[in-house]
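Here the structure comes first, spelled out in structure tokens, and everything after it is commentary.
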There are 2 protein chains.
Amino acid sequence: MSAAPVVNSPIDLASWSQRHLSRVEEALSRWVGEGAPAGLGEAMRYAVLDGGKRLRPLLVLAAEEAVCSGADIAASAHAVSDGAALRAACAVELIHAYSLVHDDMPCMDNDVLRRGKPTVHVQFGEAQALLAGDALQAFAFELLTPDDGSVPAAMQATLCRLLARAAGSAGMAGGQAIDLASVGLALTEDQLRHMHRLKTGALLQGSVMMGVACGPADARAHEALSDYGAVMGLAFQVVDDILDVVADSATLGKTAGKDAASDKPTYVSLLGLAPAQAYARELQVQAHAALARSGLADTRALAALADMVVDRTH
Amino acid sequence: MSAAPVVNSPIDLASWSQRHLSRVEEALSRWVGEGAPAGLGEAMRYAVLDGGKRLRPLLVLAAEEAVCSGADIAASAHAVSDGAALRAACAVELIHAYSLVHDDMPCMDNDVLRRGKPTVHVQFGEAQALLAGDALQAFAFELLTPDDGSVPAAMQATLCRLLARAAGSAGMAGGQAIDLASVGLALTEDQLRHMHRLKTGALLQGSVMMGVACGPADARAHEALSDYGAVMGLAFQVVDDILDVVADSATLGKTAGKDAASDKPTYVSLLGLAPAQAYARELQVQAHAALARSGLADTRALAALADMVVDRTH
């Protein structure tokens, strides 16, 4: 990696996000449900398209941009990185989307509304929702393994490994199982942190590391962005717990106060509101510190995403 | 590939299977649920261990053995092929197992018994069953992407691609969706064949092709084993439909006559019993013909598996 000068001028996250999300939305719209039987494809598209903050795809793309920043790589290698990162961005969103579909089902959270729309099982029936979630998970790995030569095989293997670990029993699915078993229990802060590190943290950190895997990164950058990803996972959850208490349902786009009502342990119930807010600020500082020690030329998008996660109101 | 003499001496499928299955069972027992939270890991192991014919793993291992037979490869390359094939064999079984867990759930087939034991959702609750299935699918891809250097990256990528396609919306999950939509409908033979080609055929053919991907195979062998896999998928389903009518529940290990009771279209309901039996025989002949044109030195295990699929009584 060349020692390019660090770029410090501010970034306009809104326009940066819009530019990158238009690629993600276009790709998802083109890919999801393609070749699926009509009903299943419709349910898959309903679950994925036109919704959500797309935080995970943005983390993938920002991380890829950061590791490529200042690196002395050919335009052709850049195109490969960009193409791989777009696939990775869509793949993590598919995993996130499938987890919401299954999470909303009657045997889990039994939610009937998501982003102001009927949830997938309400719209298409439980069986179709179950299958759509299953098919979305498989499709995430299909997206990561094109046979058109556009993504090097070694990169495909690394991306599949990162995604499988982030999604599986030592990641997202494992965290959901701990969450399920912890309703009504008094968790310690360590236990709560462990649960969230798996449930939401693993896929958020995995998103960052998948972006890293799409470009060149030395050990220093690799370690720093891994730390950044871990901190972001925690910060996201702490803020989620705060918003569940302080925001109203209309702003949140989902039922507020639900955690307290369902007796789920949260950072707010454990730490109190003000200490939880202070903790979120501390994590924001830690995220910036990790970026500063990455040695990368331009980590502005990652920095802006850290601010966005902590400052968001929904 | 060297032109080794074709081996025609009979194979003892029982001892061949036992030898290979002991590796599969040992590996599954070692790997499944490792690192998972206690409850989730238990449900995953319950779903996978100690049950089933393991047809898919056997197809992987037999295909790998066939493409390596007579090939002039070093012992070290052979060890890589064997190790990769064992992982692939376990991965396809994980996908099969997860599909059964989700299939048995109340919103799908609502089955309470599987292989004489309570189904996963009966034993562990619906939410845990849903998560265990999800985690098993992720774990299949984790198994295919070890970071210990034991499986070449290009082989990992190919195996993930084959498995994702076989499991997803243009494969198993897609077939299940068509099945779901076709209850009570009069399908044509073409529609029925398309449904089963996806629902059970894709993963059976995928198993064969994953075995092929673990070893050296020229275009001729590749095409012939792809044909063999497609025929095996069909044969398996035709025989399943026949057994649903002619076998009793005790022999079958599941409720017999269930297809007719649930008004599901089958090869027997469409063709009649005797023509369905004749069709199964014809597919058996086609499977052997595909093996004969593969140019491989030793396809005896694949041939014996074809006979087993057609001749089985449960």
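In the structure tokens, chains take letters A, B, ... by order of appearance, with residues numbered from 1 within each chain and ligands from 1 in the order shown.
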
What residues in chain B lie within 7 Å of chain A, counting only C-alpha atoms, written as a CSV table (one decimal) with C-alpha atoms, in the first residue's frame?
```csv
chain,number,residue,atom,x,y,z
B,35,GLY,CA,-19.4,-22.9,18.7
B,36,ALA,CA,-23.2,-22.5,18.8
B,37,PRO,CA,-25.1,-21.4,21.9
B,40,LEU,CA,-29.3,-23.9,19.2
B,107,CYS,CA,-46.9,-23.7,8.6
B,108,MET,CA,-45.5,-26.2,6.0
B,126,GLU,CA,-40.9,-23.6,16.6
B,127,ALA,CA,-38.6,-20.6,17.0
B,128,GLN,CA,-35.6,-22.8,17.8
B,131,LEU,CA,-33.2,-20.8,13.8
B,135,ALA,CA,-28.0,-21.9,11.1
B,138,ALA,CA,-25.2,-21.0,6.9
B,139,PHE,CA,-23.0,-23.8,8.4
B,141,PHE,CA,-21.2,-22.8,3.5
B,142,GLU,CA,-18.9,-22.4,6.4
B,145,THR,CA,-14.8,-22.5,3.2
B,153,ALA,CA,-9.8,-21.5,-2.9
B,154,ALA,CA,-11.0,-22.2,-6.4
B,156,GLN,CA,-14.2,-23.7,-2.4
B,157,ALA,CA,-15.7,-21.2,-4.7
B,160,CYS,CA,-20.2,-22.9,-2.8
B,161,ARG,CA,-21.6,-22.0,-6.2
B,164,ALA,CA,-26.1,-22.2,-3.5
B,165,ARG,CA,-27.7,-22.9,-6.9
B,167,ALA,CA,-30.4,-25.0,-2.6
B,168,GLY,CA,-31.9,-21.8,-3.7
B,169,SER,CA,-34.9,-20.4,-5.6
B,170,ALA,CA,-33.9,-22.1,-8.9
B,173,ALA,CA,-36.4,-23.8,-2.3
B,174,GLY,CA,-37.9,-23.1,-5.7
B,177,ALA,CA,-42.5,-23.2,-3.5
B,178,ILE,CA,-44.0,-24.8,-6.7
```

Expected answer as an NGL selection string: alpha helix (DSSP H) residues in segment 13-51 of chain B: :B and (13-31 or 38-48)

Could those selected residues go to a file with C-alpha atoms, as a compact mmCIF listing (two decimals), in the first residue's frame?
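Output below, filename selection.txt:
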```txt
# COMPACT_ATOMS: atom_id res chain seq x y z
CA LEU B 13 -22.44 -51.38 -1.60
CA ALA B 14 -23.16 -52.14 2.06
CA SER B 15 -19.51 -52.27 3.04
CA TRP B 16 -18.60 -49.41 0.69
CA SER B 17 -21.35 -47.26 2.25
CA GLN B 18 -20.41 -48.23 5.77
CA ARG B 19 -16.80 -47.29 5.22
CA HIS B 20 -17.68 -43.89 3.76
CA LEU B 21 -20.55 -43.15 6.10
CA SER B 22 -18.41 -43.68 9.16
CA ARG B 23 -16.28 -40.75 7.97
CA VAL B 24 -19.36 -38.63 7.34
CA GLU B 25 -20.99 -39.43 10.68
CA GLU B 26 -17.76 -38.78 12.55
CA ALA B 27 -17.25 -35.45 10.77
CA LEU B 28 -20.85 -34.32 11.27
CA SER B 29 -20.70 -35.26 14.93
CA ARG B 30 -17.47 -33.30 15.33
CA TRP B 31 -18.56 -30.22 13.39
CA ALA B 38 -26.17 -24.47 23.84
CA GLY B 39 -29.85 -24.67 22.90
CA LEU B 40 -29.29 -23.90 19.24
CA GLY B 41 -26.39 -26.34 18.96
CA GLU B 42 -28.49 -29.07 20.51
CA ALA B 43 -31.31 -28.50 18.03
CA MET B 44 -28.86 -28.48 15.11
CA ARG B 45 -27.30 -31.75 16.22
CA TYR B 46 -30.72 -33.33 16.80
CA ALA B 47 -31.70 -32.40 13.25
CA VAL B 48 -28.59 -33.82 11.63
```

query: Expressed in Å to a single decimal, how great is the separation between atom CA of Leu59 of chain B and atom CA of Glu282 of chain B?
result: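 Separating atom CA of Leu59 of chain B from atom CA of Glu282 of chain B is a distance of 19.9 Å.
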
Could you fit chain B onto chain A by least squares over every C-alpha atom, paired in order, and give me the moved chain as a tab-separated table (two decimals) with C-alpha atoms, in the first residue's frame?
```tsv
chain	number	residue	atom	x	y	z
B	1	MET	CA	0.07	0.08	-0.04
B	2	SER	CA	1.39	3.49	-1.00
B	3	ALA	CA	1.59	6.17	1.69
B	4	ALA	CA	-0.86	8.54	0.08
B	5	PRO	CA	-1.68	11.70	2.02
B	6	VAL	CA	-4.61	11.28	4.36
B	7	VAL	CA	-7.74	12.97	3.03
B	8	ASN	CA	-9.45	15.05	5.70
B	9	SER	CA	-11.88	17.26	3.83
B	10	PRO	CA	-15.46	16.60	4.94
B	11	ILE	CA	-17.66	14.19	3.04
B	12	ASP	CA	-21.31	14.74	2.24
B	13	LEU	CA	-22.71	11.44	3.47
B	14	ALA	CA	-26.12	12.02	1.91
B	15	SER	CA	-24.77	12.37	-1.61
B	16	TRP	CA	-22.13	9.67	-1.04
B	17	SER	CA	-24.87	7.28	0.16
B	18	GLN	CA	-27.21	8.19	-2.65
B	19	ARG	CA	-24.55	7.52	-5.26
B	20	HIS	CA	-23.66	4.12	-3.80
B	21	LEU	CA	-27.19	3.09	-2.92
B	22	SER	CA	-28.42	3.67	-6.43
B	23	ARG	CA	-25.99	0.95	-7.55
B	24	VAL	CA	-27.16	-1.37	-4.77
B	25	GLU	CA	-30.86	-0.81	-5.42
B	26	GLU	CA	-30.41	-1.29	-9.15
B	27	ALA	CA	-28.45	-4.51	-8.62
B	28	LEU	CA	-30.89	-5.91	-6.07
B	29	SER	CA	-33.81	-5.09	-8.33
B	30	ARG	CA	-32.09	-6.84	-11.23
B	31	TRP	CA	-30.95	-9.91	-9.32
B	32	VAL	CA	-33.45	-10.79	-6.58
B	33	GLY	CA	-36.09	-13.29	-7.60
B	34	GLU	CA	-34.57	-13.87	-11.02
B	35	GLY	CA	-35.23	-17.46	-12.08
B	36	ALA	CA	-37.47	-18.10	-9.06
B	37	PRO	CA	-41.01	-19.48	-9.42
B	38	ALA	CA	-43.44	-16.55	-9.61
B	39	GLY	CA	-44.87	-16.59	-6.09
B	40	LEU	CA	-41.54	-17.18	-4.39
B	41	GLY	CA	-39.78	-14.54	-6.46
B	42	GLU	CA	-42.46	-12.02	-5.61
B	43	ALA	CA	-42.09	-12.70	-1.88
B	44	MET	CA	-38.30	-12.44	-2.12
B	45	ARG	CA	-38.50	-9.11	-3.91
B	46	TYR	CA	-41.10	-7.80	-1.46
B	47	ALA	CA	-38.76	-8.67	1.41
B	48	VAL	CA	-35.72	-6.98	-0.07
B	49	LEU	CA	-36.67	-4.12	-2.38
B	50	ASP	CA	-37.76	-0.63	-1.47
B	51	GLY	CA	-36.93	-0.61	2.18
B	52	GLY	CA	-34.44	-0.17	4.93
B	53	LYS	CA	-31.45	2.01	5.64
B	54	ARG	CA	-29.09	-0.32	3.75
B	55	LEU	CA	-26.49	0.27	6.46
B	56	ARG	CA	-24.77	-3.06	5.81
B	57	PRO	CA	-24.28	-2.52	2.06
B	58	LEU	CA	-22.98	0.98	2.78
B	59	LEU	CA	-20.45	-0.43	5.24
B	60	VAL	CA	-19.25	-2.92	2.60
B	61	LEU	CA	-18.85	-0.21	-0.02
B	62	ALA	CA	-17.26	2.31	2.35
B	63	ALA	CA	-14.76	-0.29	3.58
B	64	GLU	CA	-13.85	-1.29	0.03
B	65	GLU	CA	-13.42	2.38	-0.86
B	66	ALA	CA	-11.22	2.91	2.18
B	67	VAL	CA	-8.85	0.00	1.50
B	68	CYS	CA	-8.57	1.01	-2.15
B	69	SER	CA	-7.95	4.67	-1.28
B	70	GLY	CA	-4.42	5.68	-2.03
B	71	ALA	CA	-3.55	2.12	-3.03
B	72	ASP	CA	-1.56	1.94	-6.22
B	73	ILE	CA	-3.74	-0.48	-8.16
B	74	ALA	CA	-4.59	-0.64	-11.85
B	75	ALA	CA	-7.96	0.47	-13.18
B	76	SER	CA	-8.79	-3.14	-14.06
B	77	ALA	CA	-8.14	-4.29	-10.48
B	78	HIS	CA	-10.25	-1.39	-9.27
B	79	ALA	CA	-13.13	-2.56	-11.46
B	80	VAL	CA	-12.83	-6.07	-9.99
B	81	SER	CA	-12.88	-4.66	-6.44
B	82	ASP	CA	-15.91	-2.52	-7.21
B	83	GLY	CA	-17.81	-5.39	-8.82
B	84	ALA	CA	-17.03	-7.74	-5.96
B	85	ALA	CA	-18.00	-5.12	-3.39
B	86	LEU	CA	-21.36	-4.56	-5.09
B	87	ARG	CA	-22.08	-8.28	-4.92
B	88	ALA	CA	-20.95	-8.42	-1.29
B	89	ALA	CA	-23.10	-5.38	-0.47
B	90	CYS	CA	-26.16	-7.08	-1.94
B	91	ALA	CA	-25.33	-10.40	-0.27
B	92	VAL	CA	-25.18	-8.95	3.25
B	93	GLU	CA	-28.47	-7.15	2.63
B	94	LEU	CA	-30.06	-10.44	1.54
B	95	ILE	CA	-28.95	-12.07	4.79
B	96	HIS	CA	-30.28	-9.12	6.77
B	97	ALA	CA	-33.57	-9.21	4.84
B	98	TYR	CA	-34.05	-12.95	5.31
B	99	SER	CA	-33.41	-12.61	9.05
B	100	LEU	CA	-36.15	-9.98	9.28
B	101	VAL	CA	-38.61	-12.16	7.35
B	102	HIS	CA	-38.04	-15.09	9.71
B	103	ASP	CA	-37.86	-12.85	12.79
B	104	ASP	CA	-41.27	-11.35	12.02
B	105	MET	CA	-42.98	-14.75	11.78
B	106	PRO	CA	-45.61	-15.71	14.37
B	107	CYS	CA	-43.33	-18.24	16.08
B	108	MET	CA	-40.70	-15.54	16.60
B	109	ASP	CA	-41.64	-11.87	17.16
B	110	ASN	CA	-45.05	-12.10	15.47
B	111	ASP	CA	-44.78	-8.69	13.84
B	112	VAL	CA	-47.40	-7.67	11.30
B	113	LEU	CA	-45.81	-4.41	10.12
B	114	ARG	CA	-42.30	-3.68	8.87
B	115	ARG	CA	-41.34	-0.33	7.36
B	116	GLY	CA	-45.01	0.57	7.28
B	117	LYS	CA	-45.95	-2.42	5.12
B	118	PRO	CA	-47.49	-5.78	6.06
B	119	THR	CA	-44.72	-8.24	6.90
B	120	VAL	CA	-43.93	-10.98	4.39
B	121	HIS	CA	-45.93	-13.73	6.14
B	122	VAL	CA	-48.95	-11.43	6.42
B	123	GLN	CA	-48.72	-10.61	2.73
B	124	PHE	CA	-47.80	-14.04	1.33
B	125	GLY	CA	-48.57	-16.57	4.05
B	126	GLU	CA	-46.24	-18.23	6.54
B	127	ALA	CA	-45.07	-21.05	4.31
B	128	GLN	CA	-44.05	-18.69	1.52
B	129	ALA	CA	-42.32	-16.40	4.03
B	130	LEU	CA	-40.35	-19.31	5.41
B	131	LEU	CA	-39.28	-20.38	1.91
B	132	ALA	CA	-38.52	-16.83	0.79
B	133	GLY	CA	-36.18	-16.39	3.76
B	134	ASP	CA	-34.48	-19.69	3.04
B	135	ALA	CA	-34.10	-18.83	-0.65
B	136	LEU	CA	-32.71	-15.37	0.16
B	137	GLN	CA	-29.98	-16.91	2.29
B	138	ALA	CA	-29.00	-19.31	-0.48
B	139	PHE	CA	-29.10	-16.48	-3.01
B	140	ALA	CA	-26.65	-14.44	-0.96
B	141	PHE	CA	-24.02	-17.14	-1.51
B	142	GLU	CA	-25.01	-17.46	-5.16
B	143	LEU	CA	-24.35	-13.75	-5.64
B	144	LEU	CA	-20.88	-14.17	-4.17
B	145	THR	CA	-19.93	-16.97	-6.56
B	146	PRO	CA	-20.50	-15.80	-10.15
B	147	ASP	CA	-19.02	-18.03	-12.82
B	148	ASP	CA	-18.40	-15.20	-15.28
B	149	GLY	CA	-14.82	-14.56	-14.19
B	150	SER	CA	-15.71	-11.15	-12.75
B	151	VAL	CA	-14.62	-12.03	-9.20
B	152	PRO	CA	-11.42	-14.01	-8.52
B	153	ALA	CA	-12.05	-17.43	-6.98
B	154	ALA	CA	-9.96	-16.69	-3.91
B	155	MET	CA	-12.01	-13.55	-3.25
B	156	GLN	CA	-15.25	-15.53	-3.71
B	157	ALA	CA	-14.10	-18.09	-1.17
B	158	THR	CA	-13.11	-15.42	1.37
B	159	LEU	CA	-16.40	-13.58	0.94
B	160	CYS	CA	-18.42	-16.79	1.39
B	161	ARG	CA	-16.40	-17.66	4.50
B	162	LEU	CA	-16.94	-14.23	6.08
B	163	LEU	CA	-20.65	-14.23	5.28
B	164	ALA	CA	-21.28	-17.80	6.45
B	165	ARG	CA	-19.54	-17.14	9.78
B	166	ALA	CA	-21.34	-13.83	10.28
B	167	ALA	CA	-24.75	-15.35	9.52
B	168	GLY	CA	-24.47	-18.69	11.28
B	169	SER	CA	-24.59	-20.19	14.73
B	170	ALA	CA	-21.52	-18.30	15.95
B	171	GLY	CA	-22.96	-15.11	14.46
B	172	MET	CA	-26.42	-13.76	13.71
B	173	ALA	CA	-28.43	-16.97	14.13
B	174	GLY	CA	-26.55	-17.75	17.35
B	175	GLY	CA	-27.33	-14.30	18.71
B	176	GLN	CA	-31.00	-14.72	17.89
B	177	ALA	CA	-31.01	-18.01	19.77
B	178	ILE	CA	-29.47	-16.37	22.84
B	179	ASP	CA	-31.98	-13.54	22.55
B	180	LEU	CA	-34.80	-16.08	22.42
B	181	ALA	CA	-33.52	-17.81	25.53
B	182	SER	CA	-32.96	-14.58	27.47
B	183	VAL	CA	-36.46	-13.09	27.47
B	184	GLY	CA	-37.42	-12.36	31.04
B	185	LEU	CA	-33.92	-13.11	32.35
B	186	ALA	CA	-31.65	-10.59	34.08
B	187	LEU	CA	-28.52	-10.57	31.90
B	188	THR	CA	-25.23	-9.08	32.98
B	189	GLU	CA	-23.70	-6.41	30.74
B	190	ASP	CA	-21.20	-9.00	29.50
B	191	GLN	CA	-23.98	-11.44	28.55
B	192	LEU	CA	-25.96	-8.69	26.85
B	193	ARG	CA	-22.89	-7.56	24.93
B	194	HIS	CA	-22.14	-11.14	23.87
B	195	MET	CA	-25.71	-11.62	22.65
B	196	HIS	CA	-25.65	-8.44	20.58
B	197	ARG	CA	-22.12	-9.06	19.32
B	198	LEU	CA	-23.56	-12.15	17.67
B	199	LYS	CA	-27.08	-11.02	16.83
B	200	THR	CA	-26.38	-7.72	15.11
B	201	GLY	CA	-22.66	-7.17	15.56
B	202	ALA	CA	-21.43	-10.15	13.57
B	203	LEU	CA	-23.15	-9.15	10.34
B	204	LEU	CA	-22.21	-5.46	10.72
B	205	GLN	CA	-18.57	-6.36	11.36
B	206	GLY	CA	-18.81	-8.98	8.61
B	207	SER	CA	-20.01	-6.28	6.22
B	208	VAL	CA	-16.93	-4.18	6.95
B	209	MET	CA	-14.59	-7.16	6.57
B	210	MET	CA	-16.22	-8.24	3.32
B	211	GLY	CA	-15.53	-4.78	1.98
B	212	VAL	CA	-11.95	-5.11	3.17
B	213	ALA	CA	-11.69	-8.50	1.41
B	214	CYS	CA	-12.61	-6.88	-1.91
B	215	GLY	CA	-9.53	-4.67	-1.99
B	216	PRO	CA	-5.89	-4.61	-0.91
B	217	ALA	CA	-5.39	-4.27	2.85
B	218	ASP	CA	-2.28	-4.72	4.96
B	219	ALA	CA	-2.39	-6.26	8.43
B	220	ARG	CA	-2.64	-2.85	10.09
B	221	ALA	CA	-5.65	-1.78	8.05
B	222	HIS	CA	-7.22	-5.20	8.45
B	223	GLU	CA	-6.98	-5.11	12.23
B	224	ALA	CA	-8.11	-1.50	12.53
B	225	LEU	CA	-11.18	-2.03	10.35
B	226	SER	CA	-12.01	-5.20	12.25
B	227	ASP	CA	-12.00	-3.12	15.44
B	228	TYR	CA	-14.10	-0.45	13.72
B	229	GLY	CA	-16.63	-3.10	12.65
B	230	ALA	CA	-16.89	-4.55	16.16
B	231	VAL	CA	-17.42	-1.11	17.70
B	232	MET	CA	-20.02	-0.25	15.05
B	233	GLY	CA	-21.95	-3.41	15.87
B	234	LEU	CA	-22.14	-2.46	19.52
B	235	ALA	CA	-22.93	1.20	18.82
B	236	PHE	CA	-25.77	0.25	16.49
B	237	GLN	CA	-27.41	-1.88	19.17
B	238	VAL	CA	-26.95	0.61	22.01
B	239	VAL	CA	-28.56	3.33	19.89
B	240	ASP	CA	-31.36	0.95	18.86
B	241	ASP	CA	-32.13	0.34	22.52
B	242	ILE	CA	-32.07	4.09	23.25
B	243	LEU	CA	-34.39	4.83	20.32
B	244	ASP	CA	-36.83	2.17	21.48
B	245	VAL	CA	-37.28	4.29	24.62
B	246	VAL	CA	-37.00	7.88	23.39
B	247	ALA	CA	-38.49	7.80	19.88
B	248	ASP	CA	-42.14	7.47	18.97
B	249	SER	CA	-43.40	4.70	16.69
B	250	ALA	CA	-44.03	7.04	13.75
B	251	THR	CA	-40.43	8.27	13.69
B	252	LEU	CA	-39.11	4.77	14.28
B	253	GLY	CA	-41.20	3.12	11.57
B	254	LYS	CA	-41.82	0.25	13.97
B	255	THR	CA	-43.49	-0.21	17.34
B	256	ALA	CA	-41.62	1.81	19.98
B	257	GLY	CA	-41.34	0.59	23.56
B	258	LYS	CA	-41.53	-2.98	22.36
B	259	ASP	CA	-38.43	-4.18	24.19
B	260	ALA	CA	-39.72	-3.06	27.57
B	261	ALA	CA	-43.18	-4.47	26.82
B	262	SER	CA	-41.71	-7.86	25.91
B	263	ASP	CA	-39.40	-7.83	28.94
B	264	LYS	CA	-36.29	-8.05	26.76
B	265	PRO	CA	-33.04	-6.97	28.37
B	266	THR	CA	-31.57	-3.84	26.72
B	267	TYR	CA	-28.67	-1.47	27.31
B	268	VAL	CA	-31.16	1.06	28.62
B	269	SER	CA	-32.78	-1.37	31.05
B	270	LEU	CA	-29.35	-2.48	32.21
B	271	LEU	CA	-27.38	0.78	32.30
B	272	GLY	CA	-30.11	3.43	32.45
B	273	LEU	CA	-30.84	5.95	29.70
B	274	ALA	CA	-28.15	8.60	30.31
B	275	PRO	CA	-25.30	6.07	30.78
B	276	ALA	CA	-26.43	4.26	27.63
B	277	GLN	CA	-26.29	7.56	25.73
B	278	ALA	CA	-22.81	8.23	27.09
B	279	TYR	CA	-21.75	4.72	26.09
B	280	ALA	CA	-22.92	5.36	22.52
B	281	ARG	CA	-20.79	8.52	22.40
B	282	GLU	CA	-17.79	6.61	23.71
B	283	LEU	CA	-18.23	3.97	21.00
B	284	GLN	CA	-18.40	6.71	18.38
B	285	VAL	CA	-15.02	7.99	19.61
B	286	GLN	CA	-13.62	4.44	19.51
B	287	ALA	CA	-14.82	3.99	15.92
B	288	HIS	CA	-12.99	7.16	14.84
B	289	ALA	CA	-9.88	6.09	16.73
B	290	ALA	CA	-9.86	2.75	14.92
B	291	LEU	CA	-10.06	4.52	11.57
B	292	ALA	CA	-7.23	6.86	12.56
B	293	ARG	CA	-4.91	3.94	13.22
B	294	SER	CA	-5.79	2.12	9.98
B	295	GLY	CA	-3.15	3.92	7.97
B	296	LEU	CA	-5.63	4.27	5.12
B	297	ALA	CA	-5.72	7.43	3.03
B	298	ASP	CA	-9.46	8.03	2.98
B	299	THR	CA	-11.77	6.66	5.64
B	300	ARG	CA	-14.23	9.54	5.50
B	301	ALA	CA	-17.23	7.48	4.43
B	302	LEU	CA	-16.65	4.98	7.26
B	303	ALA	CA	-16.28	7.90	9.69
B	304	ALA	CA	-19.48	9.50	8.46
B	305	LEU	CA	-21.32	6.17	8.80
B	306	ALA	CA	-20.16	5.92	12.42
B	307	ASP	CA	-21.55	9.39	13.11
B	308	MET	CA	-24.78	8.50	11.32
B	309	VAL	CA	-25.27	5.33	13.37
B	310	VAL	CA	-24.88	7.18	16.66
B	311	ASP	CA	-26.71	10.39	15.70
B	312	ARG	CA	-29.67	8.78	13.92
B	313	THR	CA	-33.19	9.34	15.17
B	314	HIS	CA	-34.70	6.18	13.65
```
